[in-house]
$ cat data16.txt   # compact mmCIF, N, CA and C atoms and all ligand atoms
# COMPACT_ATOMS: atom_id res chain seq x y z
N MET A 1 -104.35 -181.55 -19.63
CA MET A 1 -103.12 -182.35 -19.58
C MET A 1 -103.11 -183.33 -20.75
N SER A 2 -101.96 -183.47 -21.39
CA SER A 2 -101.85 -184.40 -22.51
C SER A 2 -101.78 -185.84 -22.02
N GLN A 3 -102.32 -186.72 -22.83
CA GLN A 3 -102.22 -188.15 -22.58
C GLN A 3 -101.09 -188.66 -23.47
N ILE A 4 -100.01 -189.12 -22.86
CA ILE A 4 -98.85 -189.56 -23.63
C ILE A 4 -98.66 -191.06 -23.41
N THR A 5 -98.68 -191.80 -24.50
CA THR A 5 -98.49 -193.24 -24.35
C THR A 5 -97.35 -193.73 -25.26
N ILE A 6 -96.65 -194.73 -24.77
CA ILE A 6 -95.59 -195.39 -25.55
C ILE A 6 -96.02 -196.83 -25.75
N ASP A 7 -96.08 -197.23 -27.00
CA ASP A 7 -96.50 -198.60 -27.34
C ASP A 7 -95.31 -199.54 -27.16
N LYS A 8 -95.40 -200.41 -26.18
CA LYS A 8 -94.25 -201.28 -25.90
C LYS A 8 -94.03 -202.31 -26.99
N ALA A 9 -95.01 -202.49 -27.86
CA ALA A 9 -94.83 -203.43 -28.98
C ALA A 9 -94.02 -202.79 -30.11
N CYS A 10 -93.97 -201.45 -30.15
CA CYS A 10 -93.26 -200.76 -31.23
C CYS A 10 -91.93 -200.17 -30.76
N CYS A 11 -91.87 -199.69 -29.53
CA CYS A 11 -90.66 -199.04 -29.01
C CYS A 11 -89.50 -200.03 -29.00
N LYS A 12 -88.34 -199.55 -29.50
CA LYS A 12 -87.15 -200.42 -29.48
C LYS A 12 -86.12 -199.96 -28.46
N GLY A 13 -86.43 -198.88 -27.73
CA GLY A 13 -85.53 -198.44 -26.67
C GLY A 13 -84.35 -197.61 -27.14
N CYS A 14 -84.53 -196.88 -28.24
CA CYS A 14 -83.41 -196.09 -28.78
C CYS A 14 -83.13 -194.83 -27.98
N ASN A 15 -84.11 -194.39 -27.21
CA ASN A 15 -83.99 -193.20 -26.33
C ASN A 15 -83.92 -191.87 -27.09
N ILE A 16 -84.24 -191.84 -28.37
CA ILE A 16 -84.26 -190.58 -29.12
C ILE A 16 -85.25 -189.61 -28.48
N CYS A 17 -86.34 -190.13 -27.98
CA CYS A 17 -87.38 -189.26 -27.40
C CYS A 17 -86.88 -188.51 -26.16
N LEU A 18 -85.89 -189.05 -25.47
CA LEU A 18 -85.39 -188.36 -24.28
C LEU A 18 -84.86 -186.98 -24.63
N ASN A 19 -84.19 -186.88 -25.79
CA ASN A 19 -83.64 -185.59 -26.20
C ASN A 19 -84.60 -184.81 -27.07
N ALA A 20 -85.57 -185.48 -27.68
CA ALA A 20 -86.50 -184.79 -28.59
C ALA A 20 -87.47 -183.89 -27.83
N CYS A 21 -87.82 -184.27 -26.63
CA CYS A 21 -88.84 -183.52 -25.90
C CYS A 21 -88.24 -182.29 -25.20
N PRO A 22 -88.74 -181.09 -25.51
CA PRO A 22 -88.21 -179.88 -24.89
C PRO A 22 -88.50 -179.81 -23.39
N LYS A 23 -89.46 -180.58 -22.95
CA LYS A 23 -89.83 -180.58 -21.53
C LYS A 23 -89.25 -181.75 -20.75
N LYS A 24 -88.45 -182.55 -21.43
CA LYS A 24 -87.78 -183.70 -20.77
C LYS A 24 -88.78 -184.62 -20.06
N ILE A 25 -89.84 -184.91 -20.77
CA ILE A 25 -90.91 -185.74 -20.19
C ILE A 25 -90.55 -187.23 -20.23
N PHE A 26 -89.68 -187.62 -21.16
CA PHE A 26 -89.30 -189.03 -21.26
C PHE A 26 -88.03 -189.27 -20.46
N VAL A 27 -88.09 -190.28 -19.61
CA VAL A 27 -86.95 -190.59 -18.75
C VAL A 27 -86.61 -192.08 -18.89
N LYS A 28 -85.38 -192.40 -18.58
CA LYS A 28 -84.97 -193.81 -18.62
C LYS A 28 -85.71 -194.59 -17.55
N SER A 29 -86.00 -195.83 -17.84
CA SER A 29 -86.67 -196.66 -16.83
C SER A 29 -86.18 -198.10 -16.95
N LYS A 30 -86.67 -198.92 -16.06
CA LYS A 30 -86.29 -200.34 -16.12
C LYS A 30 -87.38 -201.17 -16.78
N LYS A 31 -88.44 -200.49 -17.25
CA LYS A 31 -89.52 -201.20 -17.93
C LYS A 31 -88.99 -201.78 -19.23
N ARG A 32 -89.48 -202.95 -19.59
CA ARG A 32 -89.02 -203.62 -20.81
C ARG A 32 -90.10 -203.56 -21.88
N ASN A 33 -89.66 -203.34 -23.12
CA ASN A 33 -90.60 -203.39 -24.24
C ASN A 33 -90.68 -204.83 -24.74
N ASN A 34 -91.39 -205.03 -25.82
CA ASN A 34 -91.56 -206.39 -26.33
C ASN A 34 -90.28 -206.99 -26.92
N TYR A 35 -89.27 -206.12 -27.17
CA TYR A 35 -87.98 -206.62 -27.66
C TYR A 35 -87.08 -207.02 -26.50
N GLY A 36 -87.51 -206.69 -25.28
CA GLY A 36 -86.71 -207.04 -24.10
C GLY A 36 -85.70 -205.99 -23.71
N THR A 37 -85.70 -204.83 -24.41
CA THR A 37 -84.78 -203.76 -24.03
C THR A 37 -85.53 -202.72 -23.20
N ALA A 38 -84.77 -201.89 -22.49
CA ALA A 38 -85.37 -200.89 -21.61
C ALA A 38 -86.08 -199.82 -22.42
N MET A 39 -87.28 -199.48 -22.03
CA MET A 39 -88.03 -198.44 -22.72
C MET A 39 -88.24 -197.25 -21.78
N PRO A 40 -88.45 -196.06 -22.33
CA PRO A 40 -88.61 -194.88 -21.48
C PRO A 40 -89.92 -194.90 -20.70
N ASP A 41 -89.93 -194.07 -19.69
CA ASP A 41 -91.15 -193.84 -18.92
C ASP A 41 -91.56 -192.38 -19.13
N VAL A 42 -92.80 -192.08 -18.83
CA VAL A 42 -93.31 -190.71 -18.97
C VAL A 42 -93.38 -190.07 -17.58
N LYS A 43 -92.72 -188.91 -17.45
CA LYS A 43 -92.67 -188.23 -16.16
C LYS A 43 -93.28 -186.83 -16.31
N ASP A 44 -94.07 -186.42 -15.37
CA ASP A 44 -94.69 -185.09 -15.36
C ASP A 44 -95.42 -184.75 -16.66
N PRO A 45 -96.37 -185.57 -17.11
CA PRO A 45 -97.06 -185.29 -18.38
C PRO A 45 -97.83 -183.97 -18.37
N GLU A 46 -98.11 -183.43 -17.19
CA GLU A 46 -98.84 -182.14 -17.12
C GLU A 46 -98.00 -180.98 -17.66
N THR A 47 -96.68 -181.20 -17.83
CA THR A 47 -95.85 -180.12 -18.37
C THR A 47 -95.76 -180.17 -19.90
N CYS A 48 -96.39 -181.18 -20.52
CA CYS A 48 -96.36 -181.32 -21.98
C CYS A 48 -97.02 -180.10 -22.64
N VAL A 49 -96.34 -179.58 -23.69
CA VAL A 49 -96.88 -178.42 -24.41
C VAL A 49 -97.55 -178.83 -25.72
N GLY A 50 -97.62 -180.12 -25.98
CA GLY A 50 -98.34 -180.61 -27.16
C GLY A 50 -97.64 -180.33 -28.47
N CYS A 51 -96.32 -180.18 -28.46
CA CYS A 51 -95.60 -179.84 -29.70
C CYS A 51 -95.49 -181.04 -30.66
N ARG A 52 -95.66 -182.24 -30.13
CA ARG A 52 -95.60 -183.49 -30.90
C ARG A 52 -94.24 -183.79 -31.53
N MET A 53 -93.19 -183.17 -31.03
CA MET A 53 -91.85 -183.49 -31.53
C MET A 53 -91.53 -184.96 -31.27
N CYS A 54 -91.99 -185.46 -30.15
CA CYS A 54 -91.73 -186.87 -29.81
C CYS A 54 -92.37 -187.79 -30.84
N GLU A 55 -93.60 -187.50 -31.21
CA GLU A 55 -94.29 -188.33 -32.21
C GLU A 55 -93.55 -188.29 -33.54
N ARG A 56 -93.07 -187.10 -33.92
CA ARG A 56 -92.42 -186.94 -35.22
C ARG A 56 -91.04 -187.60 -35.24
N LEU A 57 -90.33 -187.56 -34.14
CA LEU A 57 -88.95 -188.03 -34.15
C LEU A 57 -88.79 -189.49 -33.72
N CYS A 58 -89.78 -190.08 -33.13
CA CYS A 58 -89.67 -191.51 -32.78
C CYS A 58 -89.62 -192.30 -34.09
N PRO A 59 -88.53 -193.01 -34.35
CA PRO A 59 -88.39 -193.72 -35.63
C PRO A 59 -89.37 -194.88 -35.80
N ASP A 60 -90.00 -195.27 -34.72
CA ASP A 60 -90.88 -196.44 -34.79
C ASP A 60 -92.35 -196.10 -34.58
N GLY A 61 -92.66 -194.82 -34.53
CA GLY A 61 -94.07 -194.44 -34.37
C GLY A 61 -94.69 -194.98 -33.10
N ALA A 62 -93.88 -195.08 -32.07
CA ALA A 62 -94.34 -195.73 -30.83
C ALA A 62 -95.06 -194.77 -29.87
N ILE A 63 -94.93 -193.47 -30.14
CA ILE A 63 -95.49 -192.49 -29.19
C ILE A 63 -96.78 -191.89 -29.71
N ASP A 64 -97.73 -191.77 -28.82
CA ASP A 64 -99.00 -191.13 -29.17
C ASP A 64 -99.30 -190.05 -28.15
N VAL A 65 -99.54 -188.83 -28.63
CA VAL A 65 -99.88 -187.72 -27.75
C VAL A 65 -101.29 -187.27 -28.07
N GLU A 66 -102.13 -187.26 -27.04
CA GLU A 66 -103.47 -186.72 -27.20
C GLU A 66 -103.57 -185.48 -26.34
N ALA A 67 -103.55 -184.33 -27.01
CA ALA A 67 -103.55 -183.06 -26.27
C ALA A 67 -104.95 -182.70 -25.80
S1 LIG A 101 -87.93 -192.71 -29.65
FE1 LIG A 101 -89.58 -194.20 -29.86
S2 LIG A 101 -88.53 -196.17 -30.15
FE2 LIG A 101 -87.04 -194.74 -29.32
S3 LIG A 101 -87.16 -195.05 -27.09
FE3 LIG A 101 -88.54 -193.36 -27.59
S4 LIG A 101 -90.55 -194.35 -27.85
FE4 LIG A 101 -89.00 -195.95 -27.98
S1 LIG A 102 -95.71 -183.33 -27.33
FE1 LIG A 102 -93.81 -182.12 -27.05
S2 LIG A 102 -93.78 -181.57 -24.89
FE2 LIG A 102 -95.29 -183.21 -25.11
S3 LIG A 102 -94.16 -185.09 -24.68
FE3 LIG A 102 -94.05 -184.79 -26.89
S4 LIG A 102 -92.17 -183.64 -27.27
FE4 LIG A 102 -92.64 -183.49 -25.07

$ encode --input "data16.txt" --output "structure tokens" --more "lines below"
Ligand code: SF4
Ligand code: SF4
Amino acid sequence: MSQITIDKACCKGCNICLNACPKKIFVKSKKRNNYGTAMPDVKDPETCVGCRMCERLCPDGAIDVEA
């Protein structure tokens, strides 16, 4: 299973990752990042295929995937 983390100090809550992930692992949440905006949560990480599209498309480098 992949370890997927979102750095709340870097994430700005743009939600690009919600559409970038083919497995829809990122979901909206009420968690706040360091900017005070809502940041995504990680759901069902066991379905991650390790494609790293999320890492590549996050404009702030906030996502880390360890396959
Ligand atoms: S794409 Fe990156 S900055 Fe945007 S919500 Fe997702 S983790 Fe945060
Ligand atoms: S590595 Fe691919 S499947 Fe896994 S969370 Fe990122 S975009 Fe989704």

$ residues_around --input "data16.txt" --residues "Gly50 (chain A)" --least-positions-apart "4" --cutoff "8 Å" --atoms "all atoms listed in the file" --output "JSON, numbers by chain"
{"A": [2, 54, 65, 66, 67]}

$ atom_distance --input "data16.txt" --atom1 "CA of Val49 (chain A)" --atom2 "CA of Asn34 (chain A)"
28.5 Å

$ closest_residue --input "data16.txt" --among "A:Lys23, A:Pro59, A:Asn15, A:Met1" --to "Met39 (chain A)" --atoms "all atoms listed in the file"
A:Asn15

$ closest_residue --input "data16.txt" --among "A:Lys30, A:Lys43, A:Lys8, A:Lys24" --to "ligand LIG 101 (chain A)" --atoms "only N, CA and C atoms and all ligand atoms"
A:Lys8

$ residues_near_ligand --input "data16.txt" --ligand "ligand LIG 101 (chain A)" --cutoff "8 Å" --atoms "all atoms listed in the file" --output "PyMOL selection string"
chain A and resi 5-8+10-20+26+38-41+54-55+57-64

$ atom_distance --input "data16.txt" --atom1 "CA of Tyr35 (chain A)" --atom2 "atom C of Thr47 (chain A)"
28.6 Å

$ closest_residue --input "data16.txt" --among "A:Asn33, A:Arg56, A:Cys51, A:Lys28" --to "ligand LIG 102 (chain A)" --atoms "all atoms listed in the file"
A:Cys51

$ select_by_dssp --input "data16.txt" --residues "region 3-52 of chain A" --states "strand (DSSP E)" --output "number ranges by chain"
A: 3-6, 26-27, 41-42

$ write_last_selection --input "data16.txt" --atoms "N, CA and C atoms" --output "short mmCIF file (atom, residue, chain, number, x, y, z; two decimals), keeping the file's coordinate frame"
data_model
loop_
_atom_site.label_atom_id
_atom_site.label_comp_id
_atom_site.auth_asym_id
_atom_site.auth_seq_id
_atom_site.Cartn_x
_atom_site.Cartn_y
_atom_site.Cartn_z
N GLN A 3 -102.32 -186.72 -22.83
CA GLN A 3 -102.22 -188.15 -22.58
C GLN A 3 -101.09 -188.66 -23.47
N ILE A 4 -100.01 -189.12 -22.86
CA ILE A 4 -98.85 -189.56 -23.63
C ILE A 4 -98.66 -191.06 -23.41
N THR A 5 -98.68 -191.80 -24.50
CA THR A 5 -98.49 -193.24 -24.35
C THR A 5 -97.35 -193.73 -25.26
N ILE A 6 -96.65 -194.73 -24.77
CA ILE A 6 -95.59 -195.39 -25.55
C ILE A 6 -96.02 -196.83 -25.75
N PHE A 26 -89.68 -187.62 -21.16
CA PHE A 26 -89.30 -189.03 -21.26
C PHE A 26 -88.03 -189.27 -20.46
N VAL A 27 -88.09 -190.28 -19.61
CA VAL A 27 -86.95 -190.59 -18.75
C VAL A 27 -86.61 -192.08 -18.89
N ASP A 41 -89.93 -194.07 -19.69
CA ASP A 41 -91.15 -193.84 -18.92
C ASP A 41 -91.56 -192.38 -19.13
N VAL A 42 -92.80 -192.08 -18.83
CA VAL A 42 -93.31 -190.71 -18.97
C VAL A 42 -93.38 -190.07 -17.58
#

$ axis_aligned_box --input "data16.txt" --around "region 32-43 of chain A" --padding-each-side "5 Å" --output "JSON"
{"center_x": -89.1, "center_y": -196.9, "center_z": -21.9, "size_x": 18.6, "size_y": 30.2, "size_z": 21.5}
